[in-house]
file coords.tsv (TSV, C-alpha atoms)
chain	number	residue	atom	x	y	z
A	107	MET	CA	-42.28	-27.90	-28.86
A	108	ASN	CA	-44.18	-26.86	-25.72
A	109	ASP	CA	-43.71	-23.65	-23.75
A	110	SER	CA	-41.35	-25.26	-21.25
A	111	GLN	CA	-39.07	-26.56	-24.02
A	112	LYS	CA	-39.13	-23.17	-25.72
A	113	ASP	CA	-38.13	-21.46	-22.48
A	114	GLN	CA	-35.23	-23.91	-22.02
A	115	THR	CA	-34.04	-23.34	-25.60
A	116	ILE	CA	-34.19	-19.57	-25.15
A	117	SER	CA	-32.28	-19.87	-21.87
A	118	VAL	CA	-29.50	-21.99	-23.46
A	119	GLN	CA	-29.17	-19.63	-26.41
A	120	GLY	CA	-29.17	-16.63	-24.13
A	121	ALA	CA	-26.53	-18.17	-21.88
A	122	HIS	CA	-24.23	-18.86	-24.85
A	123	ARG	CA	-24.69	-15.31	-26.17
A	124	GLN	CA	-23.99	-13.86	-22.75
A	125	ASP	CA	-20.80	-15.94	-22.42
A	126	GLN	CA	-19.54	-14.52	-25.72
A	127	ILE	CA	-20.42	-10.98	-24.64
A	128	ASP	CA	-18.57	-11.47	-21.33
A	129	ILE	CA	-15.44	-12.68	-23.18
A	130	ILE	CA	-15.49	-9.64	-25.47
A	131	ASN	CA	-15.98	-7.29	-22.52
A	132	GLN	CA	-13.00	-8.87	-20.79
A	133	LYS	CA	-10.84	-8.26	-23.88
A	134	LEU	CA	-12.02	-4.66	-24.07
A	135	HIS	CA	-11.17	-4.20	-20.42
A	136	ALA	CA	-7.68	-5.67	-21.00
A	137	LEU	CA	-7.09	-3.14	-23.80
A	138	GLU	CA	-7.46	-0.31	-21.29
A	139	THR	CA	-4.14	-1.36	-19.72
A	140	PHE	CA	-2.44	-2.04	-23.08
A	141	SER	CA	0.60	0.27	-23.48
A	142	GLY	CA	1.62	-0.65	-27.05
A	143	ASP	CA	1.00	1.12	-30.35
A	144	ARG	CA	-2.05	3.41	-30.22
A	145	ASN	CA	-3.17	2.59	-33.76
A	146	ALA	CA	-3.01	-1.14	-33.07
A	147	LYS	CA	-4.92	-0.63	-29.81
A	148	SER	CA	-7.60	1.41	-31.59
A	149	GLN	CA	-8.02	-1.13	-34.37
A	150	GLU	CA	-8.27	-3.99	-31.86
A	151	ARG	CA	-10.89	-2.07	-29.89
A	152	VAL	CA	-12.99	-1.39	-33.02
A	153	LYS	CA	-12.82	-5.09	-33.93
A	154	HIS	CA	-14.10	-6.17	-30.52
A	155	LEU	CA	-16.85	-3.54	-30.48
A	156	ARG	CA	-18.09	-4.72	-33.89
A	157	ARG	CA	-18.19	-8.30	-32.60
A	158	LEU	CA	-20.05	-7.07	-29.49
A	159	ASN	CA	-22.64	-5.22	-31.59
A	160	ALA	CA	-23.14	-8.33	-33.72
A	161	PHE	CA	-24.21	-10.22	-30.59
A	162	LYS	CA	-26.51	-7.46	-29.44
A	163	SER	CA	-29.74	-6.48	-31.16
A	164	PRO	CA	-30.53	-2.76	-31.48
A	165	ALA	CA	-32.77	-3.03	-28.41
A	166	GLY	CA	-29.99	-4.82	-26.58
A	167	ARG	CA	-27.68	-1.86	-27.10
A	168	LEU	CA	-29.98	0.51	-25.25
A	169	PRO	CA	-28.84	1.77	-21.85
A	170	ASP	CA	-30.75	0.14	-19.00
A	171	GLU	CA	-32.40	3.43	-18.00
A	172	ILE	CA	-33.87	4.00	-21.48
A	173	LEU	CA	-35.02	0.38	-21.79
A	174	SER	CA	-36.71	0.64	-18.39
A	175	SER	CA	-38.59	3.78	-19.51
A	176	ILE	CA	-39.74	2.04	-22.71
A	177	LEU	CA	-41.02	-0.99	-20.79
A	178	LYS	CA	-42.93	1.24	-18.39
A	179	LEU	CA	-44.63	3.02	-21.30
A	180	THR	CA	-45.92	-0.33	-22.61
A	181	HIS	CA	-47.35	-1.13	-19.20
A	182	LEU	CA	-49.30	2.01	-18.47
A	183	TYR	CA	-52.71	1.42	-16.92
A	184	SER	CA	-55.84	3.54	-16.90
A	185	GLU	CA	-57.24	4.88	-13.65
A	186	SER	CA	-60.62	3.53	-14.72
A	187	THR	CA	-61.47	0.25	-12.98
A	188	SER	CA	-63.05	-1.00	-16.20
A	189	SER	CA	-59.70	-1.10	-17.98
A	190	LEU	CA	-57.23	-1.02	-15.17
A	191	TYR	CA	-54.83	-3.83	-15.84
A	192	SER	CA	-52.49	-5.31	-18.39
A	193	SER	CA	-52.01	-9.04	-18.68
A	194	ASP	CA	-50.32	-10.43	-15.60
A	195	SER	CA	-47.93	-12.44	-17.79
A	196	GLU	CA	-46.59	-9.39	-19.64
A	197	CYS	CA	-43.67	-8.80	-17.28
A	198	ARG	CA	-42.59	-12.42	-17.59
A	199	TYR	CA	-42.54	-12.12	-21.39
A	200	PHE	CA	-40.25	-9.10	-21.11
A	201	GLY	CA	-37.83	-11.30	-19.20
A	202	LYS	CA	-37.72	-13.91	-21.97
A	203	VAL	CA	-36.22	-11.57	-24.58
A	204	SER	CA	-32.70	-11.52	-23.16
A	205	PHE	CA	-30.76	-11.44	-19.93
A	206	GLN	CA	-30.60	-7.66	-20.09
A	207	TRP	CA	-34.37	-7.39	-20.54
A	208	ARG	CA	-34.94	-9.74	-17.64
A	209	GLU	CA	-32.61	-7.80	-15.35
A	210	VAL	CA	-34.20	-4.49	-16.32
A	211	ALA	CA	-37.79	-5.78	-16.07
A	212	TRP	CA	-37.17	-7.45	-12.71
A	213	SER	CA	-35.59	-4.25	-11.34
A	214	THR	CA	-38.33	-1.87	-12.60
A	215	PRO	CA	-40.95	-1.81	-9.79
A	216	ALA	CA	-43.54	0.14	-11.83
A	217	LEU	CA	-44.02	-2.88	-14.12
A	218	TRP	CA	-45.22	-4.95	-11.18
A	219	ALA	CA	-47.44	-2.44	-9.38
A	220	SER	CA	-50.63	-3.27	-11.32
A	221	ALA	CA	-51.86	-6.73	-12.25
A	222	ALA	CA	-54.96	-8.81	-12.87
A	223	PHE	CA	-54.63	-12.24	-11.29
A	224	MET	CA	-57.31	-13.84	-13.45
A	225	LYS	CA	-57.83	-17.55	-13.89
A	226	GLU	CA	-56.09	-19.08	-16.92
A	227	ASN	CA	-57.79	-21.94	-18.83
A	228	GLY	CA	-60.06	-22.56	-15.87
A	229	GLN	CA	-57.14	-23.04	-13.47
A	230	ARG	CA	-56.16	-20.96	-10.45
A	231	ARG	CA	-53.33	-18.55	-11.26
A	232	ASN	CA	-49.91	-19.77	-10.15
A	233	PRO	CA	-49.36	-18.41	-6.61
A	234	THR	CA	-45.62	-18.03	-7.33
A	235	LEU	CA	-46.48	-15.37	-9.92
A	236	VAL	CA	-48.60	-13.51	-7.36
A	237	LYS	CA	-45.67	-13.54	-4.94
A	238	LEU	CA	-43.33	-12.26	-7.66
A	239	TYR	CA	-45.52	-9.20	-8.23
A	240	PHE	CA	-45.55	-8.29	-4.55
A	241	ILE	CA	-41.75	-8.69	-4.26
A	242	ASN	CA	-40.74	-6.93	-7.50
A	243	SER	CA	-43.08	-3.98	-6.96
A	244	GLN	CA	-41.01	-3.18	-3.85
A	245	SER	CA	-42.74	-0.35	-1.93
A	246	LEU	CA	-44.90	1.14	-4.72
A	247	PRO	CA	-48.70	1.53	-4.33
A	248	LEU	CA	-50.54	-1.50	-5.76
A	249	HIS	CA	-53.50	-1.78	-8.15
A	250	LEU	CA	-54.80	-5.36	-8.10
A	251	HIS	CA	-57.58	-7.41	-9.65
A	252	PHE	CA	-58.19	-10.83	-8.11
A	253	SER	CA	-60.43	-13.55	-9.50
A	254	TYR	CA	-61.32	-17.08	-8.44
A	255	ASP	CA	-62.29	-20.28	-10.22
A	256	LYS	CA	-65.61	-20.28	-8.36
A	257	PRO	CA	-67.27	-18.45	-5.45
A	258	ILE	CA	-65.51	-19.29	-2.23
A	259	ASN	CA	-67.85	-19.53	0.77
A	260	LYS	CA	-66.83	-20.10	4.37
A	261	SER	CA	-66.82	-23.90	4.22
A	262	GLU	CA	-64.70	-23.89	1.06
A	263	ARG	CA	-62.34	-21.40	2.65
A	264	VAL	CA	-61.82	-23.70	5.63
A	265	LYS	CA	-61.25	-26.61	3.26
A	266	LEU	CA	-58.62	-24.67	1.31
A	267	LYS	CA	-57.08	-23.27	4.51
A	268	SER	CA	-56.85	-19.97	2.63
A	269	LYS	CA	-58.31	-16.57	3.46
A	270	LEU	CA	-57.27	-14.63	0.40
A	271	PHE	CA	-55.79	-16.47	-2.57
A	272	ASP	CA	-53.60	-19.47	-1.74
A	273	PRO	CA	-52.01	-20.67	1.51
A	274	SER	CA	-48.51	-20.29	0.05
A	275	VAL	CA	-48.91	-16.54	-0.61
A	276	ASP	CA	-51.61	-15.38	1.83
A	277	SER	CA	-49.08	-14.12	4.37
A	278	ILE	CA	-47.22	-11.94	1.85
A	279	ILE	CA	-50.56	-10.59	0.55
A	280	LEU	CA	-51.63	-9.65	4.08
A	281	ASP	CA	-48.30	-7.95	4.76
A	282	ASN	CA	-48.66	-5.83	1.62
A	283	LEU	CA	-52.35	-4.88	1.89
A	284	PRO	CA	-51.51	-1.40	3.28
A	285	ARG	CA	-49.87	-0.69	-0.11
A	286	VAL	CA	-53.07	-1.43	-2.06
A	287	ARG	CA	-54.70	1.65	-3.58
A	288	THR	CA	-57.08	-0.03	-6.07
A	289	LEU	CA	-58.68	-3.44	-5.51
A	290	VAL	CA	-61.15	-5.31	-7.73
A	291	LEU	CA	-62.85	-8.45	-6.42
A	292	PRO	CA	-65.30	-9.38	-9.19
A	293	LEU	CA	-66.65	-12.56	-7.63
A	294	PRO	CA	-67.90	-13.43	-4.12
A	295	SER	CA	-64.59	-13.72	-2.34
A	296	PRO	CA	-63.07	-14.42	1.09
A	297	TRP	CA	-61.76	-10.89	1.62
A	298	PHE	CA	-64.59	-9.70	3.87
A	299	ASP	CA	-63.13	-10.73	7.20
A	300	PRO	CA	-62.92	-7.58	9.40
A	301	ALA	CA	-59.23	-8.25	10.08
A	302	VAL	CA	-58.53	-8.22	6.34
A	303	ILE	CA	-60.58	-5.09	5.71
A	304	ARG	CA	-58.67	-3.26	8.45
A	305	CYS	CA	-55.43	-3.90	6.57
A	306	LEU	CA	-56.84	-2.09	3.52
A	307	LYS	CA	-56.54	1.22	5.33
A	308	ASN	CA	-55.01	3.05	2.34
A	309	VAL	CA	-57.25	1.74	-0.45
A	310	LEU	CA	-58.78	4.52	-2.58
A	311	ASP	CA	-60.85	2.59	-5.13
A	312	LEU	CA	-62.70	-0.61	-4.23
A	313	THR	CA	-64.91	-2.80	-6.44
A	314	VAL	CA	-66.59	-5.86	-4.88
A	315	MET	CA	-69.20	-8.42	-5.79
A	316	LEU	CA	-71.18	-8.94	-2.61
A	317	PRO	CA	-70.90	-12.50	-1.26
A	318	ARG	CA	-73.79	-14.88	-0.78
A	319	LYS	CA	-74.69	-16.23	2.64
A	320	THR	CA	-76.55	-19.49	3.00
A	321	ASP	CA	-77.64	-19.34	6.65
A	322	GLY	CA	-80.43	-16.80	6.10
A	323	SER	CA	-78.86	-14.02	8.19
A	324	PRO	CA	-78.19	-10.57	6.71
A	325	SER	CA	-74.91	-10.13	4.87
A	326	GLU	CA	-72.78	-7.47	6.49
A	327	LEU	CA	-70.16	-5.28	4.89
A	328	TRP	CA	-68.46	-2.88	7.28
A	329	LEU	CA	-66.38	-0.53	5.14
A	330	ASP	CA	-66.55	2.50	7.39
A	331	GLN	CA	-63.02	1.67	8.63
A	332	LEU	CA	-61.65	2.48	5.16
A	333	LYS	CA	-61.12	6.17	5.89
A	334	SER	CA	-59.14	6.77	2.68
A	335	LEU	CA	-61.75	5.22	0.38
A	336	THR	CA	-63.06	7.64	-2.25
A	337	THR	CA	-64.64	5.35	-4.88
A	338	LEU	CA	-66.84	2.34	-4.10
A	339	SER	CA	-68.47	0.01	-6.64
A	340	LEU	CA	-70.85	-2.70	-5.40
A	341	ARG	CA	-72.27	-5.58	-7.44
A	342	ASP	CA	-74.89	-7.78	-5.79
A	343	ALA	CA	-74.63	-11.53	-6.39
A	344	ASP	CA	-78.01	-12.21	-4.76
A	345	GLN	CA	-80.54	-9.42	-5.23
A	346	LEU	CA	-83.12	-11.07	-2.92
A	347	GLU	CA	-80.87	-11.09	0.13
A	348	ARG	CA	-81.09	-8.45	2.84
A	349	ARG	CA	-77.89	-6.48	3.26
A	350	VAL	CA	-76.38	-4.46	6.10
A	351	PHE	CA	-73.87	-1.78	5.04
A	352	LYS	CA	-71.63	0.81	6.59
A	353	VAL	CA	-69.66	3.02	4.24
A	354	PRO	CA	-67.20	5.85	5.02
A	355	PHE	CA	-68.25	9.48	4.79
A	356	SER	CA	-65.16	10.12	2.66
A	357	LEU	CA	-66.77	8.57	-0.44
A	358	SER	CA	-66.85	10.86	-3.46
A	359	CYS	CA	-68.09	8.30	-6.01
A	360	LEU	CA	-70.63	5.50	-5.51
A	361	ASP	CA	-71.43	2.94	-8.24
A	362	LEU	CA	-74.26	0.46	-7.56
A	363	ARG	CA	-75.44	-2.33	-9.88
A	364	ASN	CA	-77.81	-5.31	-9.59
A	365	MET	CA	-79.03	-4.10	-6.22
A	366	PRO	CA	-82.51	-3.59	-4.71
A	367	VAL	CA	-83.75	-0.04	-5.05
A	368	ASP	CA	-84.27	0.40	-1.29
A	369	THR	CA	-80.68	-0.70	-0.61
A	370	CYS	CA	-79.45	1.81	-3.21
A	371	VAL	CA	-81.43	4.62	-1.60
A	372	LYS	CA	-80.14	3.83	1.89
A	373	LEU	CA	-76.53	3.78	0.65
A	374	ILE	CA	-76.90	7.04	-1.26
A	375	LEU	CA	-78.37	8.80	1.75
A	376	GLN	CA	-75.26	7.79	3.74
A	377	CYS	CA	-72.99	9.53	1.22
A	378	GLN	CA	-73.89	13.19	1.49
A	379	ASN	CA	-70.35	14.27	0.51
A	380	ALA	CA	-70.38	12.32	-2.75
A	381	VAL	CA	-69.60	14.01	-6.08
A	382	LYS	CA	-70.96	11.27	-8.37
A	383	PHE	CA	-73.64	8.54	-8.16
A	384	GLN	CA	-74.12	5.79	-10.72
A	385	VAL	CA	-77.03	3.35	-10.28
A	386	GLU	CA	-77.90	0.78	-12.95
A	387	ARG	CA	-79.86	-2.48	-13.31
A	388	ILE	CA	-81.90	-1.77	-10.18
A	389	CYS	CA	-83.96	-4.62	-8.69
A	390	ARG	CA	-87.29	-4.57	-6.85
A	391	PRO	CA	-87.17	-3.45	-3.19
A	392	LEU	CA	-86.85	-5.91	-0.33
A	393	GLU	CA	-89.30	-3.98	1.86
A	394	ASP	CA	-92.20	-1.57	1.30
A	395	LEU	CA	-92.72	1.85	2.82
A	396	THR	CA	-95.55	0.99	5.19
A	397	ARG	CA	-93.38	0.64	8.30
A	398	PRO	CA	-92.88	3.90	10.30
A	399	LEU	CA	-89.15	3.18	10.73
A	400	THR	CA	-88.76	2.78	6.98
A	401	ARG	CA	-90.66	5.96	6.16
A	402	SER	CA	-88.46	7.89	8.58
A	403	TRP	CA	-85.74	7.74	5.92
A	404	PHE	CA	-87.63	10.48	4.05
A	405	SER	CA	-88.92	12.56	6.95
A	406	HIS	CA	-86.50	15.44	6.29
A	407	GLN	CA	-84.85	17.17	3.36
A	408	VAL	CA	-81.44	15.73	2.45
A	409	THR	CA	-78.97	18.05	0.71
A	410	SER	CA	-76.00	16.73	-1.25
A	411	PRO	CA	-73.96	19.94	-1.51
A	412	ARG	CA	-71.09	18.47	-3.57
A	413	LEU	CA	-73.01	16.19	-5.93
A	414	GLU	CA	-72.09	17.05	-9.54
A	415	ALA	CA	-73.13	13.99	-11.60
A	416	ILE	CA	-75.85	11.33	-11.48
A	417	ARG	CA	-76.25	8.39	-13.82
A	418	ARG	CA	-79.28	6.38	-12.86
A	419	GLU	CA	-81.90	3.98	-14.12
A	420	ARG	CA	-85.54	4.86	-13.60
A	421	THR	CA	-87.72	2.29	-11.82
A	422	GLU	CA	-91.36	1.97	-10.83
A	423	SER	CA	-90.59	1.80	-7.11
A	424	GLU	CA	-92.12	4.16	-4.57
A	425	TRP	CA	-88.74	4.11	-2.85
A	426	GLU	CA	-87.24	6.00	-5.74
A	427	GLN	CA	-90.06	8.52	-5.83
A	428	GLN	CA	-89.70	9.25	-2.11
A	429	PHE	CA	-85.96	9.61	-2.57
A	430	LEU	CA	-86.39	12.13	-5.38
A	431	GLY	CA	-88.83	14.01	-3.18
A	432	CYS	CA	-86.40	14.49	-0.29
A	433	ILE	CA	-83.03	15.04	-2.00
A	434	SER	CA	-81.65	18.44	-2.99
A	435	THR	CA	-78.69	18.76	-5.38
A	436	PRO	CA	-77.65	22.44	-5.66
A	437	MET	CA	-74.38	21.68	-7.53
A	438	LEU	CA	-75.62	19.05	-10.01
A	439	HIS	CA	-74.02	19.65	-13.44
A	440	LYS	CA	-74.53	16.36	-15.28
A	441	LEU	CA	-77.56	14.06	-15.26
A	442	CYS	CA	-77.95	10.85	-17.26
A	443	TYR	CA	-81.43	9.37	-16.84
A	444	LEU	CA	-82.13	5.89	-18.24
A	445	GLU	CA	-85.55	4.30	-18.66
A	446	ALA	CA	-85.85	0.85	-17.10
A	447	LEU	CA	-87.39	-2.02	-19.06
A	448	ALA	CA	-90.58	-2.01	-17.00
A	449	PRO	CA	-92.90	1.00	-17.62
A	450	PRO	CA	-93.65	3.21	-14.59
A	451	ILE	CA	-97.03	2.73	-12.92
A	452	ILE	CA	-96.84	5.47	-10.28
A	453	SER	CA	-97.09	9.25	-10.15
A	454	LEU	CA	-94.43	11.31	-11.88
A	455	ALA	CA	-94.89	14.31	-9.56
A	456	GLU	CA	-91.68	13.86	-7.58
A	457	GLU	CA	-89.80	13.08	-10.77
A	458	ALA	CA	-91.00	16.31	-12.36
A	459	ARG	CA	-90.11	18.32	-9.24
A	460	PHE	CA	-86.60	16.85	-9.27
A	461	PHE	CA	-86.12	17.79	-12.94
A	462	ARG	CA	-87.38	21.34	-12.34
A	463	GLN	CA	-84.90	21.79	-9.50
A	464	ALA	CA	-82.01	20.24	-11.45
A	465	SER	CA	-82.69	22.32	-14.55
A	466	LEU	CA	-81.49	25.46	-12.74
A	467	VAL	CA	-77.90	24.21	-12.50
A	468	LEU	CA	-77.54	21.47	-15.13
A	469	SER	CA	-75.04	21.92	-17.94
A	470	GLU	CA	-75.37	18.41	-19.44
A	471	LEU	CA	-78.52	16.26	-19.65
A	472	GLU	CA	-78.99	12.85	-21.27
A	473	LEU	CA	-82.46	11.28	-21.40
A	474	THR	CA	-83.12	7.81	-22.77
A	475	GLY	CA	-86.64	6.44	-23.30
A	476	LEU	CA	-88.47	8.74	-20.89
A	477	PRO	CA	-92.16	9.66	-21.27
A	478	ASN	CA	-93.05	13.00	-22.87
A	479	SER	CA	-94.84	14.14	-19.72
A	480	ILE	CA	-91.46	14.84	-18.10
call {"tool": "encode", "arguments": {"input": "coords.tsv", "output": "structure tokens"}}
result
Amino acid sequence: MNDSQKDQTISVQGAHRQDQIDIINQKLHALETFSGDRNAKSQERVKHLRRLNAFKSPAGRLPDEILSSILKLTHLYSESTSSLYSSDSECRYFGKVSFQWREVAWSTPALWASAAFMKENGQRRNPTLVKLYFINSQSLPLHLHFSYDKPINKSERVKLKSKLFDPSVDSIILDNLPRVRTLVLPLPSPWFDPAVIRCLKNVLDLTVMLPRKTDGSPSELWLDQLKSLTTLSLRDADQLERRVFKVPFSLSCLDLRNMPVDTCVKLILQCQNAVKFQVERICRPLEDLTRPLTRSWFSHQVTSPRLEAIRRERTESEWEQQFLGCISTPMLHKLCYLEALAPPIISLAEEARFFRQASLVLSELELTGLPNSI
């Protein structure tokens, strides 16, 4: 028996059980107007209630408010983007238990406010399910994780006639983008149109895999319009490609992975109000420091007055050394320093100066694989 046949069987059984429950409820209602013997009325009522309980499981006897609270507890999500979402089919499974469960699940918006629309068995997720989440979540803030069968470039997007997910649901997604608070786009995706980004005006936490471009021009990501954004995670799909970024000053947390070290430095220097930096799996720089315009990045002391935590991977790049030489972190409390696979071949002077400065305020230090000279 396949899933479709199982669903039909469950529906038939549920419909029959509901018919019996409705008949019993009608008889109980009729007893309210019965004016005969009280003892006979009481005995008849007990008989019907026992039959009603026989049709209902213990969970089925719960009041709708309590059942709704229980379902919400099973669907709690973490605020960490690494473990943000439950299975997007979970709410549908709630609805297959009984008619009551379906009615309660479908009328509990919190169950539909977070979802991961991942591909299933290599196939694009059913757009109808995506639409159901947006409708049933009503007006609640949304926490969403989209994924695609393969990277979607501009030509593929034109072919699919879809900007976001699927032509049948793109309009409802666009209408609800102002409700999005957390958004994860783990593959190069078609969400980087400026008109789409403008609709994400209330997003707080954004994770994106930077898209590839095949025409040789710099990739551009203008996120400075996202005034509410506080946490930004960037993953580079093509470490050898030159990038152009603008990020909002409101950022408090910046997480960079698989990116060139010079790109990381430029982004960090834009975020002087940040509280936390995390930089891992750094790649070689795209440009050296011989150009006067490039060296001007480090011509003055940069103070990050709110920075409290840094988790970073050590590289052999002069970019990193110059960065350590110009940055001041008077509030740094936690430092996690990871040794990269390649051994350093340059001076450790700036590194040592940075550690001496940080040691005055640090309360937590983690060092992995660093040379004894530090």
call {"tool": "atom_distance", "arguments": {"input": "coords.tsv", "atom1": "atom CA of Pro366 of chain A", "atom2": "atom CA of Val467 of chain A"}}
result
29.2 Å
call {"tool": "residues_around", "arguments": {"input": "coords.tsv", "residues": "Arg462 of chain A", "least_positions_apart": "3", "cutoff": "12 Å", "atoms": "all atoms listed in the file", "output": "ChimeraX atom specification"}}
result
/A:430-431,434-436,455-459,465-468,480
call {"tool": "write_last_selection", "arguments": {"input": "coords.tsv", "atoms": "C-alpha atoms", "output": "PDB file, in the coordinates of the input"}}
result
ATOM      1  CA  LEU A 430     -86.390  12.130  -5.380  1.00  0.00           C
ATOM      2  CA  GLY A 431     -88.830  14.010  -3.180  1.00  0.00           C
ATOM      3  CA  SER A 434     -81.650  18.440  -2.990  1.00  0.00           C
ATOM      4  CA  THR A 435     -78.690  18.760  -5.380  1.00  0.00           C
ATOM      5  CA  PRO A 436     -77.650  22.440  -5.660  1.00  0.00           C
ATOM      6  CA  ALA A 455     -94.890  14.310  -9.560  1.00  0.00           C
ATOM      7  CA  GLU A 456     -91.680  13.860  -7.580  1.00  0.00           C
ATOM      8  CA  GLU A 457     -89.800  13.080 -10.770  1.00  0.00           C
ATOM      9  CA  ALA A 458     -91.000  16.310 -12.360  1.00  0.00           C
ATOM     10  CA  ARG A 459     -90.110  18.320  -9.240  1.00  0.00           C
ATOM     11  CA  SER A 465     -82.690  22.320 -14.550  1.00  0.00           C
ATOM     12  CA  LEU A 466     -81.490  25.460 -12.740  1.00  0.00           C
ATOM     13  CA  VAL A 467     -77.900  24.210 -12.500  1.00  0.00           C
ATOM     14  CA  LEU A 468     -77.540  21.470 -15.130  1.00  0.00           C
ATOM     15  CA  ILE A 480     -91.460  14.840 -18.100  1.00  0.00           C
TER      16      ILE A 480
END
call {"tool": "residues_around", "arguments": {"input": "coords.tsv", "residues": "Gly201 of chain A", "least_positions_apart": "5", "cutoff": "9 Å", "atoms": "all atoms listed in the file", "output": "number ranges by chain"}}
result
A: 196, 206-212
call {"tool": "closest_residue", "arguments": {"input": "coords.tsv", "among": "A:Phe200, A:Ile127, A:Leu283, A:Phe404", "to": "Arg167 of chain A", "atoms": "only C-alpha atoms"}}
result
A:Ile127
call {"tool": "closest_residue", "arguments": {"input": "coords.tsv", "among": "A:Leu312, A:Leu289, A:Glu414, A:Leu179", "to": "Ser469 of chain A", "atoms": "only C-alpha atoms"}}
result
A:Glu414
call {"tool": "atom_distance", "arguments": {"input": "coords.tsv", "atom1": "atom CA of Ala464 of chain A", "atom2": "atom CA of Cys432 of chain A"}}
result
13.3 Å
call {"tool": "closest_residue", "arguments": {"input": "coords.tsv", "among": "A:Cys359, A:Leu392, A:Lys352, A:Asn379", "to": "Val408 of chain A", "atoms": "all atoms listed in the file"}}
result
A:Asn379
call {"tool": "residues_around", "arguments": {"input": "coords.tsv", "residues": "Arg363 of chain A", "least_positions_apart": "6", "cutoff": "8 Å", "atoms": "only C-alpha atoms", "output": "list of chain:residue names"}}
result
A:Leu340, A:Arg341, A:Asp342, A:Val385, A:Glu386, A:Arg387, A:Ile388
call {"tool": "closest_residue", "arguments": {"input": "coords.tsv", "among": "A:Ala216, A:Ala222, A:Ile433, A:Leu362", "to": "Ile241 of chain A", "atoms": "all atoms listed in the file"}}
result
A:Ala216
call {"tool": "closest_residue", "arguments": {"input": "coords.tsv", "among": "A:Leu235, A:Phe140, A:Arg123, A:Thr180", "to": "Phe205 of chain A", "atoms": "all atoms listed in the file"}}
result
A:Arg123
call {"tool": "atom_distance", "arguments": {"input": "coords.tsv", "atom1": "atom CA of Ser245 of chain A", "atom2": "atom CA of Arg287 of chain A"}}
result
12.2 Å
call {"tool": "residues_around", "arguments": {"input": "coords.tsv", "residues": "Pro300 of chain A", "least_positions_apart": "4", "cutoff": "10 Å", "atoms": "all atoms listed in the file", "output": "list in words"}}
result
Arg304, Cys305, Leu327, Trp328, Leu329 and Gln331 of chain A
call {"tool": "residues_near_point", "arguments": {"input": "coords.tsv", "point": "(-79.1, 2.7, 1.1)", "cutoff": "12 Å", "atoms": "all atoms listed in the file", "output": "PDB file with C-alpha atoms, in the coordinates of the input"}}
result
ATOM      1  CA  LEU A 340     -70.850  -2.700  -5.400  1.00  0.00           C
ATOM      2  CA  ARG A 348     -81.090  -8.450   2.840  1.00  0.00           C
ATOM      3  CA  ARG A 349     -77.890  -6.480   3.260  1.00  0.00           C
ATOM      4  CA  VAL A 350     -76.380  -4.460   6.100  1.00  0.00           C
ATOM      5  CA  PHE A 351     -73.870  -1.780   5.040  1.00  0.00           C
ATOM      6  CA  LYS A 352     -71.630   0.810   6.590  1.00  0.00           C
ATOM      7  CA  VAL A 353     -69.660   3.020   4.240  1.00  0.00           C
ATOM      8  CA  LEU A 360     -70.630   5.500  -5.510  1.00  0.00           C
ATOM      9  CA  LEU A 362     -74.260   0.460  -7.560  1.00  0.00           C
ATOM     10  CA  MET A 365     -79.030  -4.100  -6.220  1.00  0.00           C
ATOM     11  CA  PRO A 366     -82.510  -3.590  -4.710  1.00  0.00           C
ATOM     12  CA  VAL A 367     -83.750  -0.040  -5.050  1.00  0.00           C
ATOM     13  CA  ASP A 368     -84.270   0.400  -1.290  1.00  0.00           C
ATOM     14  CA  THR A 369     -80.680  -0.700  -0.610  1.00  0.00           C
ATOM     15  CA  CYS A 370     -79.450   1.810  -3.210  1.00  0.00           C
ATOM     16  CA  VAL A 371     -81.430   4.620  -1.600  1.00  0.00           C
ATOM     17  CA  LYS A 372     -80.140   3.830   1.890  1.00  0.00           C
ATOM     18  CA  LEU A 373     -76.530   3.780   0.650  1.00  0.00           C
ATOM     19  CA  ILE A 374     -76.900   7.040  -1.260  1.00  0.00           C
ATOM     20  CA  LEU A 375     -78.370   8.800   1.750  1.00  0.00           C
ATOM     21  CA  GLN A 376     -75.260   7.790   3.740  1.00  0.00           C
ATOM     22  CA  CYS A 377     -72.990   9.530   1.220  1.00  0.00           C
ATOM     23  CA  GLN A 378     -73.890  13.190   1.490  1.00  0.00           C
ATOM     24  CA  VAL A 385     -77.030   3.350 -10.280  1.00  0.00           C
ATOM     25  CA  PRO A 391     -87.170  -3.450  -3.190  1.00  0.00           C
ATOM     26  CA  LEU A 392     -86.850  -5.910  -0.330  1.00  0.00           C
ATOM     27  CA  THR A 400     -88.760   2.780   6.980  1.00  0.00           C
ATOM     28  CA  TRP A 403     -85.740   7.740   5.920  1.00  0.00           C
ATOM     29  CA  PHE A 404     -87.630  10.480   4.050  1.00  0.00           C
ATOM     30  CA  TRP A 425     -88.740   4.110  -2.850  1.00  0.00           C
ATOM     31  CA  GLU A 426     -87.240   6.000  -5.740  1.00  0.00           C
ATOM     32  CA  PHE A 429     -85.960   9.610  -2.570  1.00  0.00           C
TER      33      PHE A 429
END
call {"tool": "residues_near_point", "arguments": {"input": "coords.tsv", "point": "(-80.7, 4.4, -18.2)", "cutoff": "8 Å", "atoms": "only C-alpha atoms", "output": "list in words"}}
result
Glu386, Arg417, Arg418, Glu419, Arg420, Cys442, Tyr443, Leu444, Glu445, Ala446, Leu473 and Thr474 of chain A
call {"tool": "axis_aligned_box", "arguments": {"input": "coords.tsv", "around": "segment 307-312 of chain A", "padding_each_side": "8 Å", "output": "JSON"}}
result
{"center_x": -58.9, "center_y": 2.0, "center_z": 0.1, "size_x": 23.7, "size_y": 21.1, "size_z": 26.5}
